[in-house]
file query_36.cif (mmCIF, C-alpha atoms)
data_work
loop_
_atom_site.label_atom_id
_atom_site.label_comp_id
_atom_site.auth_asym_id
_atom_site.auth_seq_id
_atom_site.Cartn_x
_atom_site.Cartn_y
_atom_site.Cartn_z
CA MET E 1 16.43 14.28 -1.07
CA VAL E 2 13.11 12.56 -0.40
CA ASP E 3 11.57 10.45 -3.16
CA VAL E 4 8.22 8.69 -2.88
CA ILE E 5 6.89 5.35 -4.10
CA LEU E 6 3.16 4.77 -3.87
CA GLY E 7 0.32 2.85 -5.51
CA LEU E 8 -2.02 4.38 -8.07
CA GLN E 9 -4.91 1.89 -7.96
CA TRP E 10 -6.75 0.10 -5.13
CA GLY E 11 -3.56 -1.35 -3.67
CA ASP E 12 -1.76 -4.59 -4.52
CA GLU E 13 0.15 -2.89 -7.33
CA GLY E 14 3.47 -4.49 -6.41
CA LYS E 15 4.89 -1.53 -4.47
CA GLY E 16 6.87 -3.72 -2.09
CA LYS E 17 8.96 -5.16 -4.89
CA ILE E 18 9.58 -1.72 -6.40
CA VAL E 19 10.62 -0.25 -3.03
CA ASP E 20 12.88 -3.25 -2.40
CA TYR E 21 14.49 -2.79 -5.83
CA PHE E 22 15.13 0.94 -5.42
CA ALA E 23 16.06 0.75 -1.72
CA GLN E 24 19.60 -0.29 -2.66
CA HIS E 25 20.14 3.31 -3.80
CA TYR E 26 18.77 4.96 -0.63
CA ASP E 27 19.98 5.36 2.93
CA ILE E 28 16.58 5.34 4.62
CA VAL E 29 13.21 3.80 3.72
CA ALA E 30 10.34 5.38 5.66
CA ARG E 31 6.78 4.05 5.76
CA PHE E 32 4.35 6.96 6.09
CA GLN E 33 0.80 5.56 6.55
CA GLY E 34 -1.43 2.50 6.87
CA GLY E 35 -1.20 -0.46 9.18
CA PRO E 36 -0.79 -4.23 9.17
CA ASN E 37 -3.66 -4.51 6.69
CA ALA E 38 -1.01 -3.78 4.06
CA GLY E 39 0.91 -6.72 2.66
CA HIS E 40 4.03 -5.87 0.68
CA THR E 41 5.21 -9.01 -1.11
CA LEU E 42 8.84 -9.50 -2.09
CA TYR E 43 10.44 -12.40 -3.97
CA ILE E 44 14.12 -12.73 -3.12
CA ARG E 45 15.99 -15.60 -4.75
CA GLY E 46 12.64 -17.28 -5.40
CA GLU E 47 11.48 -17.04 -1.78
CA LYS E 48 8.18 -15.26 -1.10
CA ILE E 49 8.32 -12.74 1.76
CA VAL E 50 5.37 -10.65 3.00
CA LEU E 51 5.95 -7.52 5.09
CA HIS E 52 3.04 -5.90 6.93
CA THR E 53 4.49 -3.08 9.03
CA ILE E 54 8.26 -3.01 8.51
CA PRO E 55 9.41 -0.95 5.49
CA SER E 56 10.44 -2.85 2.38
CA GLY E 57 14.08 -1.76 2.61
CA ILE E 58 14.81 -4.13 5.48
CA TYR E 59 16.55 -6.72 3.25
CA HIS E 60 19.29 -4.26 2.25
CA PRO E 61 21.93 -4.35 5.03
CA HIS E 62 23.00 -0.70 4.58
CA THR E 63 19.45 0.72 4.66
CA LEU E 64 17.82 2.17 7.77
CA ASN E 65 14.06 1.68 8.08
CA LEU E 66 11.59 3.99 9.77
CA ILE E 67 7.94 3.42 10.74
CA GLY E 68 6.47 6.92 10.66
CA ASN E 69 3.87 8.62 12.82
CA GLY E 70 1.20 8.16 10.13
CA VAL E 71 1.31 4.37 10.60
CA VAL E 72 -0.89 2.51 13.10
CA ILE E 73 0.99 -0.37 14.73
CA ASP E 74 -0.26 -3.65 16.13
CA PRO E 75 2.56 -4.59 18.56
CA VAL E 76 1.72 -8.29 18.25
CA VAL E 77 2.05 -8.24 14.46
CA LEU E 78 5.24 -6.18 14.63
CA LYS E 79 6.83 -8.54 17.16
CA LYS E 80 6.07 -11.61 15.04
CA GLU E 81 7.37 -9.89 11.92
CA ILE E 82 10.66 -8.93 13.57
CA GLU E 83 11.14 -12.40 15.02
CA LYS E 84 10.52 -13.99 11.63
CA LEU E 85 13.04 -11.70 9.93
CA GLU E 86 15.62 -12.42 12.62
CA SER E 87 15.08 -16.16 12.19
CA GLN E 88 16.09 -15.64 8.54
CA GLY E 89 19.31 -13.96 9.63
CA VAL E 90 18.18 -10.38 8.92
CA GLU E 91 19.55 -7.77 11.32
CA VAL E 92 16.49 -5.72 12.28
CA ARG E 93 16.76 -4.00 15.65
CA SER E 94 19.82 -1.88 14.88
CA ARG E 95 18.26 -0.68 11.60
CA LEU E 96 14.61 -0.20 12.58
CA PHE E 97 13.31 3.06 14.05
CA ILE E 98 9.76 3.78 15.20
CA SER E 99 8.16 7.18 15.59
CA GLN E 100 6.99 7.77 19.14
CA LYS E 101 3.92 9.47 17.60
CA ALA E 102 2.69 6.40 15.69
CA HIS E 103 -0.60 5.13 17.12
CA LEU E 104 -1.18 1.69 18.64
CA ILE E 105 -3.81 -0.87 17.66
CA LEU E 106 -5.29 -2.42 20.80
CA PRO E 107 -7.08 -5.77 21.11
CA THR E 108 -10.36 -3.89 21.53
CA HIS E 109 -9.76 -2.07 18.24
CA ARG E 110 -9.79 -5.45 16.50
CA ALA E 111 -13.03 -6.38 18.27
CA LEU E 112 -14.64 -3.06 17.32
CA ASP E 113 -13.58 -3.54 13.69
CA LYS E 114 -15.22 -6.96 13.59
CA ALA E 115 -18.40 -5.78 15.35
CA SER E 116 -18.78 -2.73 13.13
CA GLU E 117 -18.29 -4.69 9.92
CA GLN E 118 -20.79 -7.36 10.96
CA ALA E 119 -23.36 -4.70 11.83
CA LYS E 120 -23.18 -3.27 8.30
CA GLY E 121 -24.55 -6.51 6.81
CA LYS E 122 -24.69 -6.22 3.02
CA GLU E 123 -23.19 -2.73 3.20
CA ARG E 124 -19.82 -4.03 4.45
CA ILE E 125 -16.83 -2.09 3.12
CA GLY E 126 -14.49 -5.09 3.09
CA SER E 127 -12.38 -4.31 6.15
CA THR E 128 -9.47 -6.66 6.85
CA LEU E 129 -10.65 -6.72 10.52
CA ARG E 130 -7.17 -5.77 11.74
CA GLY E 131 -8.44 -2.87 13.87
CA ILE E 132 -7.09 -0.23 11.50
CA GLY E 133 -10.24 1.87 11.15
CA PRO E 134 -11.05 2.02 14.90
CA ALA E 135 -7.42 2.92 15.68
CA TYR E 136 -7.53 5.84 13.24
CA MET E 137 -10.93 6.85 14.66
CA ASP E 138 -9.39 7.08 18.13
CA LYS E 139 -6.50 9.06 16.65
CA THR E 140 -8.78 11.69 15.11
CA GLY E 141 -11.09 11.53 18.13
CA ARG E 142 -8.08 12.35 20.33
CA ASN E 143 -8.42 9.20 22.41
CA GLY E 144 -5.63 7.08 20.96
CA LEU E 145 -2.53 5.66 22.58
CA ARG E 146 0.80 6.22 20.85
CA VAL E 147 4.05 4.29 20.80
CA GLY E 148 5.65 6.91 23.05
CA ASP E 149 3.00 6.20 25.67
CA VAL E 150 4.47 2.74 26.37
CA GLN E 151 7.49 4.56 27.88
CA GLN E 152 5.28 6.49 30.31
CA PRO E 153 4.50 5.25 33.86
CA ARG E 154 0.75 5.74 33.34
CA PHE E 155 0.51 3.56 30.24
CA GLU E 156 -1.49 0.71 31.81
CA GLN E 157 -3.88 3.17 33.44
CA ALA E 158 -4.44 4.91 30.11
CA TYR E 159 -4.87 1.52 28.42
CA GLN E 160 -7.54 0.42 30.91
CA ALA E 161 -9.49 3.68 30.46
CA LEU E 162 -9.56 3.30 26.66
CA ARG E 163 -10.33 -0.41 26.97
CA GLU E 164 -13.37 0.36 29.14
CA LYS E 165 -14.64 2.88 26.62
CA HIS E 166 -14.29 0.31 23.85
CA LEU E 167 -16.11 -2.36 25.86
CA GLN E 168 -19.05 0.02 26.32
CA LEU E 169 -19.18 0.54 22.56
CA LEU E 170 -19.04 -3.20 21.97
CA SER E 171 -21.98 -3.72 24.35
CA HIS E 172 -24.09 -1.44 22.11
CA TYR E 173 -23.35 -3.77 19.20
CA GLY E 174 -24.35 -6.78 21.36
CA PHE E 175 -20.97 -8.16 20.41
CA GLU E 176 -18.96 -10.41 22.70
CA GLU E 177 -15.31 -11.31 22.31
CA HIS E 178 -12.86 -12.77 24.80
CA ILE E 179 -10.55 -9.76 24.84
CA GLU E 180 -8.58 -11.25 27.73
CA ASP E 181 -7.37 -14.04 25.44
CA TRP E 182 -5.72 -11.42 23.23
CA GLU E 183 -4.32 -9.24 26.01
CA THR E 184 -1.64 -11.60 27.29
CA GLU E 185 -0.02 -11.64 23.87
CA PHE E 186 -0.56 -7.88 23.53
CA PHE E 187 1.28 -6.96 26.73
CA GLU E 188 4.13 -9.33 25.89
CA ALA E 189 4.44 -7.44 22.61
CA ILE E 190 4.35 -4.10 24.45
CA ASP E 191 7.34 -5.20 26.55
CA PHE E 192 9.08 -6.20 23.31
CA LEU E 193 8.22 -2.81 21.75
CA ARG E 194 9.79 -0.93 24.66
CA LYS E 195 13.18 -2.43 23.78
CA LEU E 196 13.13 -1.14 20.19
CA GLN E 197 14.42 2.22 18.92
CA ILE E 198 11.55 4.61 19.61
CA ILE E 199 12.54 8.08 18.42
CA ARG E 200 11.37 11.64 17.72
CA ALA E 201 11.24 10.70 14.07
CA GLU E 202 10.45 14.11 12.58
CA TYR E 203 13.67 15.54 14.07
CA ARG E 204 15.76 12.55 13.00
CA LEU E 205 14.40 12.73 9.43
CA HIS E 206 15.27 16.40 9.17
CA ASP E 207 18.78 15.67 10.46
CA TRP E 208 19.20 12.91 7.88
CA TYR E 209 17.84 15.17 5.15
CA HIS E 210 20.27 17.99 5.94
CA GLN E 211 23.13 15.48 6.12
CA GLY E 212 22.39 14.67 2.48
CA LYS E 213 20.97 11.21 3.19
CA ARG E 214 18.78 9.71 0.49
CA ILE E 215 15.30 9.02 1.86
CA LEU E 216 12.63 6.91 0.17
CA ALA E 217 9.07 7.31 1.47
CA GLU E 218 6.99 4.14 1.10
CA GLY E 219 3.21 4.20 0.81
CA ALA E 220 0.78 1.40 1.60
CA GLN E 221 -2.50 0.45 -0.12
CA GLY E 222 -3.36 2.65 -3.12
CA SER E 223 -4.43 6.14 -4.17
CA LEU E 224 -8.02 5.12 -4.93
CA LEU E 225 -8.38 4.07 -1.28
CA ASP E 226 -7.46 7.53 0.03
CA ILE E 227 -9.79 8.75 2.79
CA ASP E 228 -10.49 12.05 0.98
CA PHE E 229 -10.10 11.30 -2.71
CA GLY E 230 -10.72 7.57 -2.98
CA THR E 231 -13.95 5.74 -3.84
CA TYR E 232 -15.61 6.77 -0.57
CA PRO E 233 -16.92 5.16 1.63
CA TYR E 234 -15.07 2.08 0.33
CA VAL E 235 -11.70 3.48 1.33
CA THR E 236 -9.07 3.14 4.03
CA SER E 237 -8.70 5.46 7.03
CA SER E 238 -5.51 7.30 6.07
CA THR E 239 -4.05 9.57 3.41
CA THR E 240 -2.54 7.24 0.81
CA LEU E 241 -1.50 10.06 -1.54
CA ALA E 242 1.86 11.83 -1.71
CA ALA E 243 0.36 14.44 0.63
CA GLY E 244 0.50 11.75 3.33
CA VAL E 245 4.30 11.85 3.22
CA CYS E 246 4.23 15.27 4.90
CA THR E 247 1.66 14.44 7.58
CA GLY E 248 2.86 10.86 8.06
CA LEU E 249 6.57 11.63 8.45
CA GLY E 250 6.80 15.30 9.43
CA LEU E 251 8.49 16.43 6.22
CA SER E 252 7.65 19.57 4.27
CA PRO E 253 6.31 19.57 0.67
CA ARG E 254 9.44 21.29 -0.64
CA GLN E 255 11.57 18.35 0.50
CA ILE E 256 9.83 15.93 -1.86
CA GLY E 257 11.58 15.20 -5.15
CA GLU E 258 10.44 12.36 -7.40
CA VAL E 259 6.99 10.80 -7.00
CA ILE E 260 7.13 7.30 -8.48
CA GLY E 261 3.66 5.87 -9.08
CA VAL E 262 3.11 2.12 -9.39
CA SER E 263 0.29 0.54 -11.39
CA LYS E 264 -0.45 -2.95 -12.62
CA ALA E 265 -0.84 -3.53 -16.36
CA TYR E 266 -4.44 -4.44 -15.50
CA CYS E 267 -6.54 -3.71 -12.42
CA THR E 268 -7.57 -5.49 -9.21
CA ARG E 269 -9.51 -4.74 -6.07
CA VAL E 270 -10.03 -6.57 -2.76
CA GLY E 271 -13.29 -6.27 -0.86
CA SER E 272 -16.33 -4.17 -1.66
CA GLY E 273 -16.61 -0.96 -3.62
CA PRO E 274 -16.98 0.29 -7.20
CA PHE E 275 -14.80 -1.17 -9.93
CA PRO E 276 -15.91 0.00 -13.41
CA THR E 277 -13.67 -2.33 -15.44
CA GLU E 278 -14.26 -5.46 -13.34
CA LEU E 279 -14.67 -8.65 -15.38
CA HIS E 280 -17.17 -11.24 -14.17
CA ASP E 281 -16.35 -13.72 -16.92
CA ALA E 282 -13.70 -16.22 -17.90
CA ILE E 283 -11.24 -13.44 -18.76
CA GLY E 284 -11.47 -12.07 -15.23
CA GLU E 285 -10.85 -15.54 -13.83
CA ARG E 286 -7.95 -15.99 -16.22
CA LEU E 287 -6.37 -12.75 -14.95
CA ARG E 288 -6.85 -13.90 -11.34
CA THR E 289 -5.24 -17.28 -12.00
CA ALA E 290 -2.35 -15.98 -14.12
CA GLY E 291 -1.63 -13.14 -11.69
CA HIS E 292 -2.05 -15.23 -8.52
CA GLU E 293 -4.45 -12.55 -7.36
CA PHE E 294 -5.07 -13.39 -3.74
CA GLY E 295 -4.51 -10.91 -0.90
CA ALA E 296 -1.06 -11.04 0.74
CA THR E 297 -2.61 -10.17 4.11
CA THR E 298 -6.09 -11.73 3.94
CA GLY E 299 -5.73 -14.44 1.28
CA ARG E 300 -9.01 -13.23 -0.22
CA PRO E 301 -9.38 -13.57 -4.02
CA ARG E 302 -9.00 -10.22 -5.73
CA ARG E 303 -11.54 -8.88 -8.19
CA CYS E 304 -9.90 -8.45 -11.59
CA GLY E 305 -10.44 -6.30 -14.66
CA TRP E 306 -8.78 -4.28 -17.40
CA ILE E 307 -6.68 -1.21 -16.61
CA ASP E 308 -8.74 1.93 -15.94
CA LEU E 309 -6.86 4.88 -17.43
CA VAL E 310 -9.47 7.43 -16.32
CA ALA E 311 -8.92 6.49 -12.68
CA LEU E 312 -5.18 6.16 -13.23
CA LYS E 313 -4.87 9.66 -14.67
CA TYR E 314 -6.85 10.98 -11.70
CA ALA E 315 -4.37 9.31 -9.31
CA CYS E 316 -1.38 10.69 -11.24
CA MET E 317 -2.86 14.18 -11.03
CA LEU E 318 -3.52 14.02 -7.27
CA ASN E 319 -0.04 12.71 -6.50
CA GLY E 320 1.94 14.83 -8.94
CA VAL E 321 3.47 11.63 -10.31
CA THR E 322 6.76 12.28 -12.08
CA GLN E 323 7.60 8.69 -13.03
CA LEU E 324 5.51 5.60 -13.71
CA VAL E 325 6.31 1.94 -13.08
CA ILE E 326 4.02 -0.71 -14.60
CA THR E 327 4.00 -4.12 -12.91
CA LYS E 328 2.81 -7.63 -13.74
CA THR E 329 2.97 -7.13 -17.51
CA ASP E 330 3.93 -10.80 -17.80
CA VAL E 331 0.43 -11.77 -16.61
CA LEU E 332 -0.87 -10.57 -19.99
CA ASP E 333 1.60 -12.66 -22.01
CA GLU E 334 -0.96 -15.11 -23.39
CA PHE E 335 -3.91 -12.79 -24.09
CA ASP E 336 -4.94 -12.34 -27.71
CA THR E 337 -6.45 -8.93 -27.01
CA ILE E 338 -5.79 -6.47 -24.20
CA ARG E 339 -8.14 -3.62 -23.33
CA ALA E 340 -7.85 -0.31 -21.52
CA ALA E 341 -10.69 1.94 -20.35
CA VAL E 342 -10.25 5.44 -21.80
CA ALA E 343 -13.58 7.00 -20.77
CA TYR E 344 -16.80 6.33 -18.86
CA GLN E 345 -20.12 6.29 -20.65
CA VAL E 346 -23.05 7.73 -18.68
CA GLY E 347 -26.12 7.82 -20.85
CA LYS E 348 -24.95 9.45 -24.08
CA GLN E 349 -22.04 11.22 -22.42
CA HIS E 350 -18.40 10.19 -22.40
CA LEU E 351 -16.65 11.28 -19.18
CA HIS E 352 -12.91 11.60 -18.78
CA GLU E 353 -13.10 12.56 -15.12
CA LEU E 354 -14.12 10.53 -12.07
CA PRO E 355 -17.71 11.38 -11.10
CA PHE E 356 -18.79 11.92 -7.49
CA TYR E 357 -19.95 8.30 -7.33
CA LEU E 358 -18.82 5.39 -9.44
CA ASP E 359 -22.00 3.33 -9.69
CA ASP E 360 -23.86 0.92 -11.97
CA THR E 361 -24.87 3.73 -14.36
CA ILE E 362 -21.26 3.93 -15.59
CA SER E 363 -19.92 1.76 -18.41
CA PRO E 364 -16.25 1.80 -19.42
CA VAL E 365 -15.31 2.80 -22.95
CA TYR E 366 -12.43 0.61 -24.12
CA GLU E 367 -9.50 0.85 -26.50
CA SER E 368 -8.26 -2.57 -27.67
CA PHE E 369 -4.69 -3.70 -28.35
CA PRO E 370 -3.24 -6.89 -29.85
CA GLY E 371 -1.43 -9.09 -27.34
CA TRP E 372 2.22 -10.05 -27.68
CA LYS E 373 1.59 -13.80 -27.20
CA THR E 374 5.07 -14.61 -25.93
CA SER E 375 6.79 -14.85 -22.57
CA ILE E 376 8.65 -11.71 -21.48
CA ALA E 377 9.95 -13.19 -18.20
CA ASN E 378 13.55 -13.43 -19.40
CA LEU E 379 13.92 -9.99 -20.98
CA GLN E 380 17.16 -8.26 -20.01
CA HIS E 381 16.57 -4.85 -21.58
CA PHE E 382 13.49 -2.75 -22.29
CA ASP E 383 14.44 -2.52 -25.98
CA GLU E 384 13.96 -6.30 -26.26
CA ALA E 385 10.23 -6.05 -25.43
CA PRO E 386 7.77 -7.13 -28.15
CA SER E 387 6.45 -4.28 -30.29
CA GLN E 388 2.85 -4.98 -29.18
CA LEU E 389 3.85 -4.47 -25.54
CA LYS E 390 5.73 -1.29 -26.38
CA ASN E 391 2.69 0.04 -28.23
CA TYR E 392 0.43 -0.73 -25.28
CA LEU E 393 2.79 1.02 -22.86
CA GLN E 394 3.26 3.98 -25.20
CA PHE E 395 -0.50 4.47 -25.33
CA ILE E 396 -0.63 4.50 -21.52
CA GLU E 397 2.20 7.05 -21.37
CA ASN E 398 0.49 9.31 -23.89
CA TYR E 399 -2.87 9.09 -22.14
CA LEU E 400 -1.45 9.81 -18.68
CA GLN E 401 1.16 12.33 -19.85
CA VAL E 402 3.62 10.72 -17.43
CA SER E 403 6.91 9.11 -18.41
CA LEU E 404 7.18 5.34 -18.00
CA THR E 405 10.54 4.55 -16.46
CA GLY E 406 10.12 1.02 -15.11
CA LEU E 407 8.55 -2.22 -16.28
CA SER E 408 8.17 -5.24 -13.99
CA HIS E 409 7.93 -8.52 -15.92
CA GLY E 410 8.00 -11.14 -13.16
CA PRO E 411 7.85 -11.48 -9.37
CA ASP E 412 11.58 -11.63 -8.56
CA ARG E 413 13.34 -8.46 -7.37
CA ASN E 414 15.58 -8.51 -10.46
CA GLN E 415 12.74 -8.81 -12.97
CA LEU E 416 12.48 -5.08 -13.52
CA LEU E 417 13.49 -3.22 -16.68
CA LEU E 418 14.30 0.48 -16.58
CA LYS E 419 13.24 2.29 -19.72
CA GLN E 420 14.81 5.57 -18.65
CA PRO E 421 17.30 4.82 -15.87
CA GLN E 422 18.82 8.26 -16.24
CA ALA E 423 15.53 9.76 -15.01
CA PHE E 424 16.04 8.48 -11.47
CA ALA E 425 17.72 10.80 -9.00
CA TRP E 426 20.06 8.08 -7.79
CA LYS E 427 21.39 7.61 -11.30
#

call {"tool": "encode", "arguments": {"input": "query_36.cif", "output": "structure tokens"}}
result
Amino acid sequence: MVDVILGLQWGDEGKGKIVDYFAQHYDIVARFQGGPNAGHTLYIRGEKIVLHTIPSGIYHPHTLNLIGNGVVIDPVVLKKEIEKLESQGVEVRSRLFISQKAHLILPTHRALDKASEQAKGKERIGSTLRGIGPAYMDKTGRNGLRVGDVQQPRFEQAYQALREKHLQLLSHYGFEEHIEDWETEFFEAIDFLRKLQIIRAEYRLHDWYHQGKRILAEGAQGSLLDIDFGTYPYVTSSTTLAAGVCTGLGLSPRQIGEVIGVSKAYCTRVGSGPFPTELHDAIGERLRTAGHEFGATTGRPRRCGWIDLVALKYACMLNGVTQLVITKTDVLDEFDTIRAAVAYQVGKQHLHELPFYLDDTISPVYESFPGWKTSIANLQHFDEAPSQLKNYLQFIENYLQVSLTGLSHGPDRNQLLLKQPQAFAWK
């Protein structure tokens, strides 16, 4: 059995917490795409923990964790993350596996990311400057270095060849960076990486699957950042949809069971790109403050707005979402009125589909709902939720035609209510 948890918006939906919560019922958690630009935030016993590369099942002692071939890995970031976890008493190395086919982020990838973004000027896409895009470009351009390459005797020779190519590209940008300052740390991390469990992950996953192991595939970022179906060109460089589970782990479509989509009760976005329901007023600032909307990886303030059900339905369709989890509903506790976009107005037309471009000619058409005006942080059962919240969630269910099975009402791992626990395979 392979179930999937992924984000349905522009990332930051709270996937890390949801994966952490459900991981207790799975044997393996496998990350299938993205890189250290992702920041999955967990709150365990009140302590804030941010994971960038390691799957969010690492805090469950019985759970094995796999970094799949669809992920791009910065060895320096991975080393620091492992060392931090170990300093907290978490056993990592015996439970962490890395696909030999995952690609490496080099110091020159980071420099290229920075140079490229600076060259775009006002047209910047909002890259996190972690080298993710250039690493994926080398992957598709058939130039990249993979984790398995660090076990080969010609690794340093191959590294120097790719480094030289990158330096030539950087010279065209007129961009200078002291790459040597980064390389000492990089090669120390490569030596560290060699000592970890590097495996032929696609074979191991199939073995686990046929042994009846429960596998949870973890996505990074969000569906609207998908390279093919997101708000291009303001997207990431990988397949963030459920389709990425197959290419990012080496599993077949018929092995996928439940697809659990995660969405906030409102909407946020980091960096540039279209955002039809964005609020540039006091309400938007109120959402940002109440939701602590600052990037887990970059610290950048997130743009905030009401939930966009047109875009959300699009994401559910593309992923084949079977179950929906809504997060951060507690952020809306004190709002008198809550709104949801149900269509886009373009001229005199009302659209219920995403157009080719989301631009300034589009205005959201809203449905309004009365707020519940009370704290829901201490709810123990879904049935205890205020009627106004239930009505809001019921409207979302009806619009999306997807069953709501989970409701997150606070940051801690235990602040999650299951509306239909019997719907989950592990139940």

call {"tool": "resolve_selection", "arguments": {"input": "query_36.cif", "expression": "the PyMOL selection byres ((chain E and resi 372-385) around 8)", "output": "PyMOL selection string"}}
result
chain E and resi 330+333-336+370-371+386-390+407+409-410+415+417-419

call {"tool": "atom_distance", "arguments": {"input": "query_36.cif", "atom1": "atom CA of Tyr344 of chain E", "atom2": "atom CA of Thr268 of chain E"}}
result
17.8 Å

call {"tool": "closest_residue", "arguments": {"input": "query_36.cif", "among": "E:Phe294, E:Leu287, E:Thr337, E:Leu216", "to": "Glu258 of chain E", "atoms": "all atoms listed in the file"}}
result
E:Leu216

call {"tool": "resolve_selection", "arguments": {"input": "query_36.cif", "expression": "the PyMOL selection byres ((chain E and resi 167) around 12)", "output": "tab-separated table (two decimals) with C-alpha atoms, in the coordinates of the input"}}
result
chain	number	residue	atom	x	y	z
E	106	LEU	CA	-5.29	-2.42	20.80
E	107	PRO	CA	-7.08	-5.77	21.11
E	108	THR	CA	-10.36	-3.89	21.53
E	109	HIS	CA	-9.76	-2.07	18.24
E	110	ARG	CA	-9.79	-5.45	16.50
E	111	ALA	CA	-13.03	-6.38	18.27
E	112	LEU	CA	-14.64	-3.06	17.32
E	115	ALA	CA	-18.40	-5.78	15.35
E	160	GLN	CA	-7.54	0.42	30.91
E	161	ALA	CA	-9.49	3.68	30.46
E	162	LEU	CA	-9.56	3.30	26.66
E	163	ARG	CA	-10.33	-0.41	26.97
E	164	GLU	CA	-13.37	0.36	29.14
E	165	LYS	CA	-14.64	2.88	26.62
E	166	HIS	CA	-14.29	0.31	23.85
E	168	GLN	CA	-19.05	0.02	26.32
E	169	LEU	CA	-19.18	0.54	22.56
E	170	LEU	CA	-19.04	-3.20	21.97
E	171	SER	CA	-21.98	-3.72	24.35
E	172	HIS	CA	-24.09	-1.44	22.11
E	173	TYR	CA	-23.35	-3.77	19.20
E	174	GLY	CA	-24.35	-6.78	21.36
E	175	PHE	CA	-20.97	-8.16	20.41
E	176	GLU	CA	-18.96	-10.41	22.70
E	177	GLU	CA	-15.31	-11.31	22.31
E	178	HIS	CA	-12.86	-12.77	24.80
E	179	ILE	CA	-10.55	-9.76	24.84
E	180	GLU	CA	-8.58	-11.25	27.73

call {"tool": "resolve_selection", "arguments": {"input": "query_36.cif", "expression": "the PyMOL selection byres ((chain E and resi 74-86) around 9)", "output": "compact mmCIF listing (two decimals) with C-alpha atoms, keeping the file's coordinate frame"}}
result
# COMPACT_ATOMS: atom_id res chain seq x y z
CA GLY E 35 -1.20 -0.46 9.18
CA PRO E 36 -0.79 -4.23 9.17
CA LEU E 51 5.95 -7.52 5.09
CA HIS E 52 3.04 -5.90 6.93
CA THR E 53 4.49 -3.08 9.03
CA ILE E 54 8.26 -3.01 8.51
CA ILE E 58 14.81 -4.13 5.48
CA VAL E 72 -0.89 2.51 13.10
CA ILE E 73 0.99 -0.37 14.73
CA SER E 87 15.08 -16.16 12.19
CA GLN E 88 16.09 -15.64 8.54
CA GLY E 89 19.31 -13.96 9.63
CA VAL E 90 18.18 -10.38 8.92
CA GLU E 91 19.55 -7.77 11.32
CA VAL E 92 16.49 -5.72 12.28
CA ARG E 93 16.76 -4.00 15.65
CA HIS E 103 -0.60 5.13 17.12
CA LEU E 104 -1.18 1.69 18.64
CA ILE E 105 -3.81 -0.87 17.66
CA LEU E 106 -5.29 -2.42 20.80
CA PRO E 107 -7.08 -5.77 21.11
CA ARG E 130 -7.17 -5.77 11.74
CA GLY E 131 -8.44 -2.87 13.87
CA ILE E 132 -7.09 -0.23 11.50
CA GLU E 185 -0.02 -11.64 23.87
CA PHE E 186 -0.56 -7.88 23.53
CA PHE E 187 1.28 -6.96 26.73
CA GLU E 188 4.13 -9.33 25.89
CA ALA E 189 4.44 -7.44 22.61
CA ILE E 190 4.35 -4.10 24.45
CA PHE E 192 9.08 -6.20 23.31
CA LEU E 193 8.22 -2.81 21.75

call {"tool": "closest_residue", "arguments": {"input": "query_36.cif", "among": "E:Ala217, E:Cys304, E:Ala290, E:Val50", "to": "Asn65 of chain E", "atoms": "all atoms listed in the file"}}
result
E:Ala217

call {"tool": "atom_distance", "arguments": {"input": "query_36.cif", "atom1": "atom CA of Glu353 of chain E", "atom2": "atom CA of Val321 of chain E"}}
result
17.3 Å

call {"tool": "atom_distance", "arguments": {"input": "query_36.cif", "atom1": "atom CA of Gln420 of chain E", "atom2": "atom CA of Tyr26 of chain E"}}
result
18.5 Å

call {"tool": "closest_residue", "arguments": {"input": "query_36.cif", "among": "E:Asn143, E:Gly68, E:Asp12, E:Asn37", "to": "Pro301 of chain E", "atoms": "all atoms listed in the file"}}
result
E:Asp12

call {"tool": "residues_near_point", "arguments": {"input": "query_36.cif", "point": "(-12.3, -7.5, -20.7)", "cutoff": "8 Å", "atoms": "only C-alpha atoms", "output": "MDAnalysis selection string"}}
result
chainID E and resid 277:279 283:284 305:306 338:339

call {"tool": "closest_residue", "arguments": {"input": "query_36.cif", "among": "E:Gly70, E:Pro61, E:Gly34, E:Gly7", "to": "Gly250 of chain E", "atoms": "all atoms listed in the file"}}
result
E:Gly70

call {"tool": "closest_residue", "arguments": {"input": "query_36.cif", "among": "E:Gly148, E:Gly39, E:Met137, E:Ala201", "to": "Leu96 of chain E", "atoms": "only C-alpha atoms"}}
result
E:Ala201

call {"tool": "closest_residue", "arguments": {"input": "query_36.cif", "among": "E:Ala243, E:Val2, E:Ala102, E:Leu249", "to": "Leu145 of chain E", "atoms": "all atoms listed in the file"}}
result
E:Ala102

call {"tool": "residues_around", "arguments": {"input": "query_36.cif", "residues": "Gly57 of chain E", "least_positions_apart": "6", "cutoff": "12 Å", "atoms": "all atoms listed in the file", "output": "VMD selection string"}}
result
chain E and resid 15 to 31 40 42 51 63 to 67 90 to 92 95 to 96 215 to 218

call {"tool": "axis_aligned_box", "arguments": {"input": "query_36.cif", "around": "segment 93-103 of chain E", "padding_each_side": "5 Å", "output": "lines of an AutoDock Vina configuration file"}}
result
center_x = 9.6
center_y = 2.7
center_z = 15.4
size_x = 30.4
size_y = 23.5
size_z = 17.5

call {"tool": "residues_around", "arguments": {"input": "query_36.cif", "residues": "Leu225 of chain E", "least_positions_apart": "4", "cutoff": "8 Å", "atoms": "only C-alpha atoms", "output": "list in words"}}
result
Gln9, Trp10, Gly11, Gln221, Phe229, Gly230, Thr231, Tyr232, Tyr234, Val235, Thr236 and Thr240 of chain E

call {"tool": "decode", "arguments": {"input": "query_36.cif", "residues": "segment 390-394 of chain E", "atoms": "C-alpha atoms", "output": "compact mmCIF listing (two decimals), in the first residue's frame"}}
result
# COMPACT_ATOMS: atom_id res chain seq x y z
CA LYS E 390 -18.88 23.24 10.04
CA ASN E 391 -20.91 25.21 7.50
CA TYR E 392 -17.77 26.74 6.02
CA LEU E 393 -16.10 23.34 5.72
CA GLN E 394 -19.25 21.74 4.31
